[in-house]
Structures are given as structure tokens and as C-alpha cells.
>>> print(open('my_file21.cif').read())   # mmCIF, C-alpha atoms
data_target
loop_
_atom_site.label_atom_id
_atom_site.label_comp_id
_atom_site.auth_asym_id
_atom_site.auth_seq_id
_atom_site.Cartn_x
_atom_site.Cartn_y
_atom_site.Cartn_z
CA MET A 54 17.51 -26.76 31.69
CA GLY A 55 15.77 -24.05 29.71
CA ILE A 56 16.56 -20.37 29.61
CA PRO A 57 14.95 -18.42 32.49
CA LYS A 58 11.94 -16.32 31.53
CA HIS A 59 13.54 -13.00 32.46
CA LYS A 60 16.57 -13.75 30.30
CA LYS A 61 14.30 -14.68 27.38
CA ILE A 62 12.50 -11.33 27.68
CA THR A 63 15.81 -9.47 27.88
CA MET A 64 17.14 -11.30 24.82
CA GLU A 65 13.93 -10.62 22.86
CA SER A 66 14.06 -6.91 23.75
CA THR A 67 17.71 -6.77 22.68
CA ARG A 68 16.86 -8.42 19.37
CA MET A 69 14.10 -5.87 18.77
CA ARG A 70 16.58 -3.04 19.28
CA GLU A 71 19.17 -4.71 17.06
CA LYS A 72 16.56 -4.90 14.26
CA ARG A 73 16.48 -1.09 14.15
CA LYS A 74 20.12 -0.85 13.08
CA PRO A 75 19.71 -2.43 9.60
CA GLY A 76 16.81 -0.06 8.94
CA GLU A 77 18.90 2.96 9.95
CA ARG A 78 21.80 1.84 7.76
CA LEU A 79 19.46 1.20 4.85
CA ALA A 80 17.96 4.68 5.31
CA VAL A 81 21.43 6.20 4.82
CA LEU A 82 21.94 4.27 1.57
CA VAL A 83 18.49 5.26 0.35
CA MET A 84 19.22 8.92 1.12
CA LEU A 85 22.50 8.82 -0.82
CA PHE A 86 20.88 7.06 -3.78
CA TYR A 87 18.07 9.59 -4.12
CA PHE A 88 20.27 12.61 -3.41
CA THR A 89 22.48 11.60 -6.35
CA ALA A 90 19.58 10.69 -8.65
CA PHE A 91 17.61 13.88 -8.01
CA LEU A 92 20.76 15.99 -8.32
CA LEU A 93 21.51 14.55 -11.77
CA LEU A 94 17.98 15.30 -12.98
CA ALA A 95 18.07 18.76 -11.38
CA PHE A 96 21.26 19.59 -13.32
CA ARG A 97 19.53 18.53 -16.52
CA ASN A 98 16.29 20.43 -15.90
CA SER A 99 17.87 23.41 -14.11
CA THR A 100 14.83 24.23 -11.94
CA TRP A 101 14.79 25.27 -8.30
CA GLN A 102 12.05 22.72 -7.62
CA GLY A 103 14.41 19.96 -8.73
CA TYR A 104 17.11 21.13 -6.32
CA ALA A 105 14.47 21.36 -3.60
CA LEU A 106 13.52 17.71 -4.18
CA THR A 107 17.22 16.80 -4.07
CA PHE A 108 17.38 17.88 -0.43
CA CYS A 109 13.78 17.54 0.78
CA VAL A 110 13.17 13.88 -0.13
CA PRO A 111 16.35 12.54 1.57
CA ALA A 112 15.67 14.85 4.53
CA ALA A 113 12.16 13.40 4.91
CA ILE A 114 13.60 9.87 4.89
CA TRP A 115 16.23 10.76 7.50
CA GLY A 116 13.80 12.67 9.70
CA GLY A 117 11.19 9.95 9.61
CA THR A 118 13.68 7.19 10.41
CA HIS A 119 15.28 8.93 13.38
CA ILE A 120 12.55 11.15 14.81
CA LEU A 121 9.66 8.70 14.46
CA GLY A 122 11.93 5.88 15.58
CA LYS A 123 12.54 7.68 18.87
CA CYS A 124 8.95 8.81 19.37
CA PHE A 125 7.13 5.56 18.61
CA HIS A 126 9.78 2.82 18.36
CA ILE A 127 8.73 2.09 14.79
CA ASP A 128 10.14 -0.68 12.61
CA THR A 129 12.89 1.31 10.86
CA LEU A 130 13.51 -1.40 8.26
CA LEU A 131 9.87 -1.32 7.16
CA PHE A 132 9.96 2.48 7.17
CA SER A 133 13.10 2.59 4.98
CA LEU A 134 11.62 0.13 2.48
CA THR A 135 8.34 2.01 2.09
CA ASN A 136 10.13 5.34 1.80
CA PHE A 137 12.39 3.92 -0.91
CA LEU A 138 9.29 3.12 -2.96
CA CYS A 139 7.70 6.53 -2.30
CA ALA A 140 10.87 8.32 -3.37
CA LEU A 141 11.16 6.05 -6.41
CA GLY A 142 7.73 7.17 -7.57
CA ILE A 143 8.69 10.86 -7.19
CA LEU A 144 11.99 10.27 -9.01
CA VAL A 145 10.45 8.49 -12.00
CA LEU A 146 7.71 11.10 -12.29
CA TYR A 147 10.27 13.91 -12.10
CA GLY A 148 12.16 12.36 -15.00
CA THR A 149 9.01 12.27 -17.14
CA ASN A 150 6.72 15.04 -15.91
CA PRO A 151 8.16 17.40 -13.24
CA ASN A 152 4.76 18.88 -12.39
CA LEU A 153 3.45 15.45 -11.42
CA ALA A 154 6.56 14.91 -9.29
CA TYR A 155 6.00 18.15 -7.37
CA HIS A 156 2.42 17.16 -6.60
CA GLN A 157 3.57 13.65 -5.64
CA ALA A 158 6.18 15.09 -3.28
CA ALA A 159 3.46 17.18 -1.60
CA TYR A 160 1.26 14.07 -1.26
CA TYR A 161 4.26 12.24 0.18
CA GLY A 162 4.44 14.84 2.94
CA VAL A 163 0.70 14.45 3.59
CA GLY A 164 1.20 10.68 3.61
CA LEU A 165 3.89 10.94 6.30
CA VAL A 166 1.48 12.96 8.43
CA GLY A 167 -1.25 10.37 7.78
CA MET A 168 1.14 7.59 8.80
CA VAL A 169 1.91 9.36 12.09
CA ILE A 170 -1.82 9.81 12.74
CA CYS A 171 -2.44 6.09 12.14
CA ILE A 172 0.43 5.13 14.46
CA TYR A 173 -1.01 7.40 17.13
CA PHE A 174 -4.51 6.02 16.50
CA MET A 175 -3.36 2.44 17.04
CA ARG A 176 -1.62 3.42 20.27
CA VAL A 177 -4.48 5.47 21.72
CA PHE A 178 -7.56 3.62 20.43
CA ARG A 179 -6.60 0.05 21.22
CA SER A 180 -10.27 -0.86 20.98
CA LEU A 181 -12.99 0.40 18.64
CA ARG A 182 -15.68 -0.09 21.26
CA HIS A 183 -16.90 3.52 21.01
CA LEU A 184 -15.99 4.14 17.35
CA ARG A 185 -17.08 1.05 15.47
CA ILE A 186 -20.62 2.18 14.59
CA LEU A 187 -19.43 5.65 13.61
CA MET A 188 -16.71 4.16 11.39
CA ILE A 189 -19.17 1.82 9.66
CA ILE A 190 -21.67 4.58 8.92
CA GLY A 191 -18.96 7.01 7.85
CA SER A 192 -17.28 4.46 5.57
CA VAL A 193 -20.49 3.48 3.80
CA ALA A 194 -21.54 7.13 3.38
CA PHE A 195 -18.12 8.18 2.07
CA LEU A 196 -17.98 5.23 -0.32
CA ALA A 197 -21.45 6.10 -1.66
CA LEU A 198 -20.47 9.68 -2.58
CA PRO A 199 -19.15 8.84 -6.10
CA LEU A 200 -22.57 7.39 -6.99
CA LEU A 201 -24.16 10.71 -6.05
CA ILE A 202 -21.68 13.36 -7.21
CA GLY A 203 -18.91 11.45 -8.99
CA ARG A 204 -17.97 11.25 -12.66
CA GLU A 205 -17.31 8.11 -14.68
CA THR A 206 -13.66 7.51 -15.63
CA ASN A 207 -12.46 4.50 -17.66
CA GLY A 208 -15.73 2.68 -17.16
CA ALA A 209 -15.90 3.19 -13.36
CA LYS A 210 -17.62 5.92 -11.35
CA ASN A 211 -15.34 5.95 -8.31
CA TRP A 212 -13.97 9.51 -8.06
CA ILE A 213 -15.33 12.70 -6.54
CA TYR A 214 -14.09 16.13 -7.61
CA PHE A 215 -13.82 19.40 -5.69
CA GLN A 216 -12.68 21.98 -8.22
CA SER A 217 -9.10 20.89 -9.08
CA VAL A 218 -8.87 18.26 -6.32
CA SER A 219 -9.95 14.67 -6.96
CA ILE A 220 -10.43 12.00 -4.28
CA GLN A 221 -11.03 8.27 -4.57
CA PRO A 222 -13.03 7.36 -1.44
CA SER A 223 -12.42 3.62 -1.79
CA GLU A 224 -8.70 4.19 -1.12
CA PHE A 225 -9.41 5.59 2.35
CA VAL A 226 -12.27 3.24 3.20
CA LYS A 227 -9.69 0.43 2.98
CA ILE A 228 -8.31 1.64 6.30
CA SER A 229 -11.60 1.76 8.17
CA LEU A 230 -12.70 -1.56 6.64
CA ILE A 231 -9.63 -3.31 8.02
CA LEU A 232 -10.08 -1.74 11.46
CA VAL A 233 -13.78 -2.61 11.68
CA VAL A 234 -13.52 -6.13 10.26
CA ALA A 235 -10.54 -6.94 12.51
CA TRP A 236 -12.40 -5.72 15.61
CA PHE A 237 -15.52 -7.78 15.01
CA MET A 238 -13.61 -10.85 13.82
CA ASN A 239 -11.48 -10.82 16.94
CA ARG A 240 -14.70 -10.96 18.99
CA ARG A 241 -16.21 -13.69 16.81
CA GLN A 242 -19.14 -11.43 15.87
CA PHE A 243 -19.96 -12.59 12.35
CA LEU A 244 -22.95 -10.50 11.30
CA PRO A 245 -21.57 -6.94 11.81
CA TRP A 246 -18.37 -7.36 9.81
CA PHE A 247 -20.17 -9.42 7.16
CA LEU A 248 -22.81 -6.73 6.60
CA CYS A 249 -20.14 -4.00 6.53
CA ALA A 250 -18.05 -5.86 3.94
CA VAL A 251 -21.06 -6.77 1.79
CA GLY A 252 -22.32 -3.18 1.88
CA CYS A 253 -18.94 -1.90 0.67
CA LEU A 254 -18.79 -4.54 -2.08
CA ILE A 255 -22.27 -3.65 -3.34
CA LEU A 256 -21.33 0.04 -3.57
CA LEU A 257 -18.13 -0.83 -5.44
CA MET A 258 -20.05 -3.03 -7.86
CA LEU A 259 -22.50 -0.19 -8.50
CA GLN A 260 -19.52 2.05 -9.23
CA LYS A 261 -18.13 -0.66 -11.57
CA ASP A 262 -14.87 -0.49 -9.62
CA LEU A 263 -14.18 -4.21 -9.83
CA GLY A 264 -10.45 -3.96 -9.11
CA THR A 265 -11.00 -2.41 -5.69
CA ALA A 266 -13.92 -4.78 -5.04
CA LEU A 267 -11.51 -7.67 -5.63
CA LEU A 268 -9.09 -6.23 -3.05
CA TYR A 269 -11.83 -5.74 -0.45
CA TYR A 270 -13.23 -9.23 -0.95
CA VAL A 271 -9.96 -11.17 -0.89
CA VAL A 272 -8.50 -9.28 2.09
CA THR A 273 -11.71 -9.81 4.09
CA LEU A 274 -11.71 -13.50 3.20
CA LEU A 275 -8.04 -13.89 4.17
CA LEU A 276 -8.64 -12.10 7.47
CA PHE A 277 -11.54 -14.46 8.13
CA PHE A 278 -9.26 -17.44 7.59
CA ALA A 279 -6.52 -15.88 9.75
CA SER A 280 -8.95 -15.33 12.62
CA THR A 281 -10.85 -18.64 12.46
CA ALA A 282 -8.74 -21.14 10.45
CA ASN A 283 -12.07 -22.36 9.06
CA VAL A 284 -11.10 -24.11 5.82
CA PRO A 285 -14.60 -25.16 4.61
CA LEU A 286 -16.08 -21.65 4.87
CA THR A 287 -12.95 -20.11 3.36
CA MET A 288 -13.19 -22.47 0.38
CA LEU A 289 -16.87 -21.58 0.07
CA GLY A 290 -15.84 -17.92 0.01
CA ILE A 291 -13.33 -18.63 -2.76
CA LEU A 292 -16.01 -20.36 -4.81
CA GLY A 293 -18.37 -17.45 -4.19
CA GLY A 294 -15.71 -15.01 -5.32
CA GLY A 295 -15.16 -17.03 -8.48
CA GLY A 296 -18.89 -16.96 -9.18
CA ALA A 297 -18.99 -13.19 -8.63
CA ALA A 298 -16.08 -12.77 -11.07
CA VAL A 299 -17.96 -14.71 -13.75
CA LEU A 300 -21.08 -12.66 -13.06
CA GLY A 301 -19.09 -9.43 -13.34
CA TYR A 302 -17.64 -10.60 -16.63
CA ARG A 303 -21.10 -11.23 -18.02
CA MET A 304 -22.63 -8.00 -16.67
CA PHE A 305 -20.01 -5.37 -17.55
CA ALA A 306 -18.90 -4.74 -21.12
CA HIS A 307 -15.64 -3.05 -20.10
CA VAL A 308 -14.63 -6.20 -18.17
CA LYS A 309 -15.21 -8.37 -21.25
CA LYS A 310 -13.13 -5.93 -23.26
CA ARG A 311 -10.25 -6.05 -20.79
CA VAL A 312 -10.20 -9.85 -20.76
CA ALA A 313 -10.25 -9.96 -24.56
CA LEU A 314 -7.37 -7.49 -24.78
CA TRP A 315 -5.44 -9.42 -22.16
CA ARG A 316 -5.73 -12.53 -24.29
CA ASN A 317 -4.71 -10.78 -27.51
CA PRO A 318 -3.81 -7.07 -27.28
CA TRP A 319 -2.54 -7.11 -30.87
CA SER A 320 -6.08 -7.65 -32.17
CA ASP A 321 -6.77 -3.94 -31.58
CA TYR A 322 -3.26 -2.56 -31.30
CA GLU A 323 -3.98 0.94 -32.61
CA ASN A 324 -6.89 1.52 -30.22
CA ALA A 325 -7.80 -0.36 -27.03
CA GLY A 326 -4.76 -2.67 -27.09
CA TYR A 327 -2.27 0.16 -27.52
CA GLN A 328 -1.57 0.59 -23.79
CA ILE A 329 -0.81 -3.08 -23.15
CA VAL A 330 1.45 -3.40 -26.18
CA GLN A 331 3.37 -0.20 -25.41
CA GLY A 332 3.85 -1.38 -21.83
CA LEU A 333 5.26 -4.71 -22.99
CA MET A 334 7.55 -2.92 -25.44
CA ALA A 335 8.82 -0.68 -22.61
CA LEU A 336 9.62 -3.76 -20.52
CA ALA A 337 11.50 -5.29 -23.45
CA SER A 338 13.39 -2.11 -24.41
CA GLY A 339 14.69 -1.71 -20.85
CA SER A 340 16.44 -5.09 -21.09
CA LEU A 341 18.47 -6.05 -18.01
CA LEU A 342 20.11 -2.72 -17.14
CA GLY A 343 17.70 -0.12 -18.55
CA VAL A 344 18.10 2.80 -20.93
CA GLY A 345 18.94 5.30 -18.20
CA LEU A 346 17.25 7.61 -15.71
CA GLY A 347 14.90 10.05 -17.45
CA LEU A 348 15.44 8.40 -20.84
CA GLY A 349 13.30 6.11 -23.00
CA SER A 350 9.79 6.82 -24.22
CA PRO A 351 7.53 6.42 -21.18
CA THR A 352 5.01 8.99 -22.34
CA THR A 353 4.03 6.77 -25.28
CA ILE A 354 2.24 4.54 -22.74
CA PRO A 355 -1.27 5.84 -21.97
CA VAL A 356 -1.70 6.56 -18.24
CA TYR A 357 1.95 5.63 -17.66
CA GLU A 358 2.06 7.60 -14.40
CA THR A 359 -0.48 5.36 -12.62
CA ASP A 360 -1.34 2.00 -14.19
CA TYR A 361 1.97 1.44 -15.99
CA ILE A 362 4.58 3.11 -13.82
CA PHE A 363 6.23 -0.28 -13.21
CA ALA A 364 6.87 -0.55 -16.97
CA VAL A 365 8.50 2.90 -16.88
CA ILE A 366 10.73 1.81 -13.99
CA CYS A 367 11.82 -1.33 -15.85
CA GLU A 368 12.49 0.64 -19.04
CA GLN A 369 14.69 3.22 -17.33
CA PHE A 370 16.41 1.06 -14.69
CA GLY A 371 16.19 -2.41 -16.25
CA LEU A 372 14.56 -5.71 -15.41
CA ILE A 373 17.12 -6.48 -12.69
CA PHE A 374 16.11 -3.33 -10.84
CA GLY A 375 12.45 -4.22 -11.46
CA VAL A 376 12.99 -7.58 -9.76
CA CYS A 377 14.65 -5.76 -6.85
CA VAL A 378 11.55 -3.56 -6.53
CA LEU A 379 9.42 -6.70 -6.35
CA LEU A 380 11.72 -8.08 -3.64
CA ILE A 381 11.23 -4.86 -1.67
CA TYR A 382 7.48 -5.49 -1.72
CA VAL A 383 8.14 -9.06 -0.59
CA ALA A 384 10.24 -7.71 2.28
CA ILE A 385 7.44 -5.31 3.27
CA ILE A 386 4.97 -8.21 3.32
CA TRP A 387 7.42 -10.27 5.38
CA ARG A 388 7.90 -7.48 7.92
CA GLY A 389 4.18 -6.80 8.19
CA THR A 390 3.43 -10.49 8.69
CA THR A 391 6.18 -10.80 11.30
CA ILE A 392 4.78 -7.82 13.21
CA ALA A 393 1.28 -9.32 13.09
CA MET A 394 2.46 -12.68 14.38
CA ALA A 395 4.46 -11.04 17.17
CA SER A 396 1.42 -9.16 18.48
CA ARG A 397 -0.02 -10.45 21.75
CA HIS A 398 -3.46 -9.01 21.04
CA GLY A 399 -5.75 -10.56 18.45
CA TYR A 400 -7.24 -7.29 17.22
CA GLN A 401 -3.87 -5.62 16.66
CA GLY A 402 -2.48 -8.70 14.96
CA LEU A 403 -5.44 -8.83 12.57
CA VAL A 404 -5.07 -5.11 11.77
CA SER A 405 -1.40 -5.56 10.88
CA MET A 406 -2.19 -8.68 8.85
CA GLY A 407 -5.04 -6.96 7.00
CA ALA A 408 -2.95 -3.90 6.11
CA THR A 409 -0.12 -6.14 4.92
CA MET A 410 -2.48 -8.25 2.81
CA MET A 411 -4.01 -5.13 1.24
CA ILE A 412 -0.59 -3.81 0.18
CA GLY A 413 0.61 -7.21 -1.04
CA LEU A 414 -2.53 -8.09 -2.98
CA GLN A 415 -2.72 -4.67 -4.63
CA THR A 416 0.91 -5.00 -5.69
CA PHE A 417 0.26 -8.41 -7.24
CA VAL A 418 -2.86 -7.23 -9.08
CA ILE A 419 -1.25 -4.18 -10.71
CA ILE A 420 2.17 -5.66 -11.51
CA GLY A 421 0.56 -8.90 -12.67
CA GLY A 422 -1.55 -6.82 -15.05
CA VAL A 423 1.46 -4.86 -16.36
CA ILE A 424 3.46 -7.99 -17.18
CA LYS A 425 0.32 -9.60 -18.67
CA LEU A 426 0.10 -12.34 -16.05
CA ILE A 427 -3.53 -11.42 -15.31
CA PRO A 428 -6.01 -8.96 -16.89
CA LEU A 429 -5.22 -5.36 -16.00
CA THR A 430 -7.51 -3.81 -13.38
CA GLY A 431 -7.91 -0.22 -12.30
CA VAL A 432 -5.71 -0.18 -9.19
CA THR A 433 -2.46 1.62 -8.50
CA MET A 434 1.03 0.46 -7.56
CA PRO A 435 1.29 1.10 -3.80
CA PHE A 436 3.61 3.97 -2.79
CA VAL A 437 4.83 4.51 -6.37
CA SER A 438 1.96 5.40 -8.70
CA SER A 439 1.01 9.04 -9.17
CA GLY A 440 -2.00 10.14 -7.15
CA GLY A 441 -2.68 11.55 -3.72
CA SER A 442 -5.42 9.13 -2.69
CA SER A 443 -3.30 6.08 -3.47
CA LEU A 444 -0.09 7.35 -1.86
CA VAL A 445 -1.71 8.69 1.30
CA SER A 446 -3.80 5.55 1.85
CA SER A 447 -0.74 3.31 1.33
CA MET A 448 1.20 5.35 3.89
CA CYS A 449 -1.74 5.13 6.29
CA LEU A 450 -1.83 1.34 5.91
CA THR A 451 1.87 1.32 6.76
CA GLY A 452 1.04 3.50 9.75
CA LEU A 453 -1.35 0.83 11.05
CA ILE A 454 1.42 -1.77 10.78
CA GLN A 455 3.92 0.56 12.44
CA GLY A 456 1.44 1.26 15.23
CA VAL A 457 1.22 -2.45 15.99
CA ALA A 458 5.03 -2.74 15.84
CA SER A 459 5.29 0.10 18.35
CA LEU A 460 2.81 -1.58 20.69
CA ASN A 461 4.73 -4.86 20.39
CA GLU A 462 7.87 -3.16 21.64
CA ASP A 463 5.93 -1.45 24.44
CA ASP A 464 4.79 -4.89 25.58
CA LEU A 465 8.40 -6.13 25.59
CA GLU A 466 9.61 -3.14 27.58
CA GLU A 467 6.80 -3.56 30.09
CA ASP A 468 7.69 -7.23 30.53
CA LEU A 469 11.33 -6.27 31.01
CA LYS A 470 10.45 -3.73 33.72
CA LEU A 471 8.26 -6.27 35.53
CA THR A 472 11.00 -8.87 35.32
CA GLU A 473 13.64 -6.49 36.68
CA ALA A 474 11.30 -5.50 39.54
CA MET A 475 10.91 -9.12 40.64
#
>>> encode(input="my_file21.cif", output="C-alpha cells")
Amino acid sequence: MGIPKHKKITMESTRMREKRKPGERLAVLVMLFYFTAFLLLAFRNSTWQGYALTFCVPAAIWGGTHILGKCFHIDTLLFSLTNFLCALGILVLYGTNPNLAYHQAAYYGVGLVGMVICIYFMRVFRSLRHLRILMIIGSVAFLALPLLIGRETNGAKNWIYFQSVSIQPSEFVKISLILVVAWFMNRRQFLPWFLCAVGCLILLMLQKDLGTALLYYVVTLLLFFASTANVPLTMLGILGGGGAAVLGYRMFAHVKKRVALWRNPWSDYENAGYQIVQGLMALASGSLLGVGLGLGSPTTIPVYETDYIFAVICEQFGLIFGVCVLLIYVAIIWRGTTIAMASRHGYQGLVSMGATMMIGLQTFVIIGGVIKLIPLTGVTMPFVSSGGSSLVSSMCLTGLIQGVASLNEDDLEEDLKLTEAM
């Protein structure tokens, strides 16, 4: 005889509640780790901002874990893991450039607010029936702004500037793209999501932002496979992506240069290859246990605070810690995938899967470039790299996943109430 349905629901609900406890325990360990680390750096720098970070960052982790956990029934383990990475970025930046750390801490606060908004959005707007057209038009218009008023940086024209504030629209369009594509895919409406994705890719190609274009394309293709399980069309999409990559290599000089430097950075060590070589030397100098927090020579790496922050982490904390950071990303992907598979609604499951894929793929692209596994592209390390657009968008993607997790638990509680009423 099998287990009665009402007992299965009760057991599943109990398991969901038990899963919160590891996240809460992990949050305490994360708080203690960062309180100690920030305090050590604050003693060395002797600034009030350093002491403020010592208390504010752990307080944000504690508050988010307990307050949000009670308000929305979020996945506390996922929350603790993402907050560990956010705090790690602030810590590493504080040890190298305190001003960048202060700005990153402010963006972290904005990111927490953005995450709450995305959780609330997923709970309130369970369907994009009345928002889909507005989101498509707004996304395309926002993504087109750099072509009109942006400035070219490192070969790509993908930023807009308002006095001292800079914004990368493609970071935020990720969120709306996932929502729109998931909605239409769940309803088997091919043309709308296809035109939306193609329009975004064309704009990114015009901006020469090939790294972000790669993320958009692969995540859309993976969502298509997740929603249809159509192997022939997915393989055709892979071949098309390969052809587009070859075309991009032939069309853009800066792409050819990056591939050539990836193959042999020592051929132009003192100029274009300097960043890659210095990053590899930082990885090597860190050895297994690192040179110590705030030590080493991270500033010798050009753009160390964004593209090469993983090399800085490995230099200061060691390769063992670097592997642990990678395992944290794996755990985030695992949690996001689990939440997506547990969803009873196709649209919500696809949103969680898309957000998880975006975080996971971006992590692979940037870290793979730093360790010279693949050519380096202009994307950031999620949650860790310096920059408001990157941090806030990563937190918002997590908010989408957390929103689905919250709805999953609501479904379990509703089933439990119905079962008890019978």
C-alpha cells in the first residue's frame, strides 16, 4: 500500500520547512566570517566607513534571511549563498580600493530592494497577459539607448551615462527577456518570443556587445529546449549560434584580437596581452592558501575590479577558496533548478530556469575567460564584480527564483489546508 495523499503533502511541507534551517545556520556562519574579515581590514585602514561595513553587511544578511524568510517564505539556503558572494565582492574591493567597496555596498542595498520587488512581482503578476507588449516595447527601447546616446568602451557601445552615473541597459533587459520569453514559450506562441529575442540580439550586435549577446542567445535556446524538448530544432539553433560566432569573428576586429590573445597572450605581453598574463600570474601567486586578505598585487591587473576579480580572490584567499566559490555557484544553480522543477506552473518554472541559466552561464563565461579556458568576453562575475548594473540585475534574477520558491510553498500550504479540511 502506498502512502496516503494527505500524508505525502504533509511530509513534503515539513521537508520544505526543514530546508530553511540549513540556510539560517549558514547565514550565521557567513555573518561571523564577514564580521571578522571586515573588522580586520577596518583596524588596518582606521576609517569609520570600514567599521560601518563591519556591522552593516552582516546585519543585511541577517535581516534578509529572517525578515524576508517570514514575509515571503524564501529559500534561505539560496539567499545565504548569494549574499555570501555579494559580501565577498565588497570585502575584496574594500581590501584593494575602499571607495569602490562603499559604492558596491550601496548597490548591494539597492539590489536587496530590487530582489524584494522581483519576489513581489512574481507573486502578484502571475501572468504577463496585460504587461507583455509593454515589456517588449520597453525592453527594446531601453536596449537601443546606448546606440543613440552611449559611448564606446573597450570596443563595445553598451553604456549610457547620466553625469557621474553609468548604466548598462542589457543587464536589466535580461530580466524582462526571461519573463517575456517564458510567458510566450509556455503558451507555445513561437513568433512573439522569437521576434523579441532576435530584436535584442540585433541591437547587441550593433553595440558590439558580443558577450551579452552570447548570454541572451544561449539562455533563450536552453529555455526553448526546456519548454519543448525539441532536439532537432535545438541542434539547429546550436549550429546557427556557431555560424553567428564565426561571422562575428570575421566582422569585428576586437573579437579577432581577443581570440589571438587567448591563444598566445605572451605575443603582446607589454600591451594587449598584459591583462591576461597578470591575471594568470595572480592565480599562480595565490597558490593553494593565498597570500592573505588585502595583500598581493591585485591592482597590477587592468580592470581587476570587474573582469578579473576572480583572479584577485584566488590570489588573496588561494585556489582552494576559489574552488569553494565555484562550488557555491554550482549550489546556486542546483537550488534554482530544483525550484524550477518543483513549480506546478509552466510559466513560473521557466522563469526560474531562465534566471538560473543566466547566472550559471555568465559565471562560466567570465571565470572560463579568467582561467584561459575560453576567450575572455566583456561580462561580469555575478554578485561579485564591481558595478551597480551587474550587482542589481543579479540580485533581481535571484528575486525571480525566490518568487517562484515562495509560490511553490504557497501551493504546498494550500494543499495542506485542503487536505486537513477533508
>>> residues_around(input="my_file21.cif", residues="Val344 of chain A", least_positions_apart="2", cutoff="9 Å", atoms="only C-alpha atoms", output="list in words")
Ser338, Gly339, Ser340, Leu342, Leu346, Gly347, Leu348, Gly349, Glu368, Gln369, Phe370 and Gly371 of chain A
>>> resolve_selection(input="my_file21.cif", expression="the PyMOL selection byres ((chain A and resi 457-460) around 9)", output="list in words")
Phe125, His126, Ile127, Asp128, Ile172, Met175, Arg176, Gly389, Ile392, Ala393, Ala395, Ser396, Gln401, Gly402, Val404, Ser405, Gly452, Leu453, Ile454, Gln455, Gly456, Asn461, Glu462, Asp463, Asp464 and Leu465 of chain A
>>> atom_distance(input="my_file21.cif", atom1="atom CA of His119 of chain A", atom2="atom CA of Phe374 of chain A")
27.2 Å
>>> atom_distance(input="my_file21.cif", atom1="atom CA of Met84 of chain A", atom2="atom CA of Ser350 of chain A")
27.1 Å
>>> resolve_selection(input="my_file21.cif", expression="the PyMOL selection byres ((chain A and resi 263) around 10)", output="number ranges by chain")
A: 209, 254, 257-262, 264-269, 298, 301-302, 305, 308, 430-432
>>> closest_residue(input="my_file21.cif", among="A:Val423, A:Leu274, A:Ala408, A:Leu85", to="Trp115 of chain A", atoms="all atoms listed in the file")
A:Leu85
>>> residues_near_point(input="my_file21.cif", point="(-14.0, -11.5, 13.6)", cutoff="8 Å", atoms="all atoms listed in the file", output="list in words")
Val234, Ala235, Trp236, Phe237, Met238, Asn239, Arg240, Arg241, Gln242, Phe243, Trp246, Phe277, Ser280 and Thr281 of chain A
>>> atom_distance(input="my_file21.cif", atom1="atom CA of Ile189 of chain A", atom2="atom CA of Pro245 of chain A")
9.3 Å
>>> residues_around(input="my_file21.cif", residues="segment 147-162 of chain A", least_positions_apart="2", cutoff="9 Å", atoms="all atoms listed in the file", output="PyMOL selection string")
chain A and resi 91+94+102-103+106+109-110+113+139-140+142-145+164-167+346-348+350-352+358+436+438-442+444-445+448
>>> closest_residue(input="my_file21.cif", among="A:Phe363, A:Tyr327, A:Phe137, A:Trp315", to="Leu426 of chain A", atoms="all atoms listed in the file")
A:Trp315
>>> residues_near_point(input="my_file21.cif", point="(-18.1, 1.8, 2.1)", cutoff="10 Å", atoms="all atoms listed in the file", output="short mmCIF file (atom, residue, chain, number, x, y, z; two decimals) with C-alpha atoms, in the coordinates of the input")
data_model
loop_
_atom_site.label_atom_id
_atom_site.label_comp_id
_atom_site.auth_asym_id
_atom_site.auth_seq_id
_atom_site.Cartn_x
_atom_site.Cartn_y
_atom_site.Cartn_z
CA MET A 188 -16.71 4.16 11.39
CA ILE A 189 -19.17 1.82 9.66
CA ILE A 190 -21.67 4.58 8.92
CA GLY A 191 -18.96 7.01 7.85
CA SER A 192 -17.28 4.46 5.57
CA VAL A 193 -20.49 3.48 3.80
CA ALA A 194 -21.54 7.13 3.38
CA PHE A 195 -18.12 8.18 2.07
CA LEU A 196 -17.98 5.23 -0.32
CA ALA A 197 -21.45 6.10 -1.66
CA LEU A 198 -20.47 9.68 -2.58
CA PRO A 222 -13.03 7.36 -1.44
CA SER A 223 -12.42 3.62 -1.79
CA PHE A 225 -9.41 5.59 2.35
CA VAL A 226 -12.27 3.24 3.20
CA LYS A 227 -9.69 0.43 2.98
CA SER A 229 -11.60 1.76 8.17
CA LEU A 230 -12.70 -1.56 6.64
CA CYS A 249 -20.14 -4.00 6.53
CA ALA A 250 -18.05 -5.86 3.94
CA VAL A 251 -21.06 -6.77 1.79
CA GLY A 252 -22.32 -3.18 1.88
CA CYS A 253 -18.94 -1.90 0.67
CA LEU A 254 -18.79 -4.54 -2.08
CA ILE A 255 -22.27 -3.65 -3.34
CA LEU A 256 -21.33 0.04 -3.57
CA LEU A 257 -18.13 -0.83 -5.44
#
>>> closest_residue(input="my_file21.cif", among="A:Ile120, A:Leu248, A:Leu429, A:Thr390", to="Val169 of chain A", atoms="all atoms listed in the file")
A:Ile120
>>> residues_around(input="my_file21.cif", residues="Val383 of chain A", least_positions_apart="3", cutoff="12 Å", atoms="all atoms listed in the file", output="VMD selection string")
chain A and resid 131 134 to 135 376 to 380 386 to 390 409 to 410 412 to 414 416 to 417
>>> resolve_selection(input="my_file21.cif", expression="the PyMOL selection byres ((chain A and resi 364) around 9)", output="list in words")
Gly332, Leu333, Met334, Ala335, Leu336, Gly339, Pro351, Ile354, Tyr357, Tyr361, Ile362, Phe363, Val365, Ile366, Cys367, Glu368, Gln369, Gly375, Ile420, Val423 and Ile424 of chain A
>>> closest_residue(input="my_file21.cif", among="A:Ile231, A:Glu467, A:Tyr382, A:Gly407", to="Arg185 of chain A", atoms="all atoms listed in the file")
A:Ile231
>>> closest_residue(input="my_file21.cif", among="A:Leu121, A:Ala297, A:Val233, A:Leu200", to="His183 of chain A", atoms="only C-alpha atoms")
A:Val233
>>> axis_aligned_box(input="my_file21.cif", around="segment 256-275 of chain A", padding_each_side="3 Å", output="JSON")
{"center_x": -15.3, "center_y": -5.9, "center_z": -3.7, "size_x": 20.5, "size_y": 21.9, "size_z": 21.7}
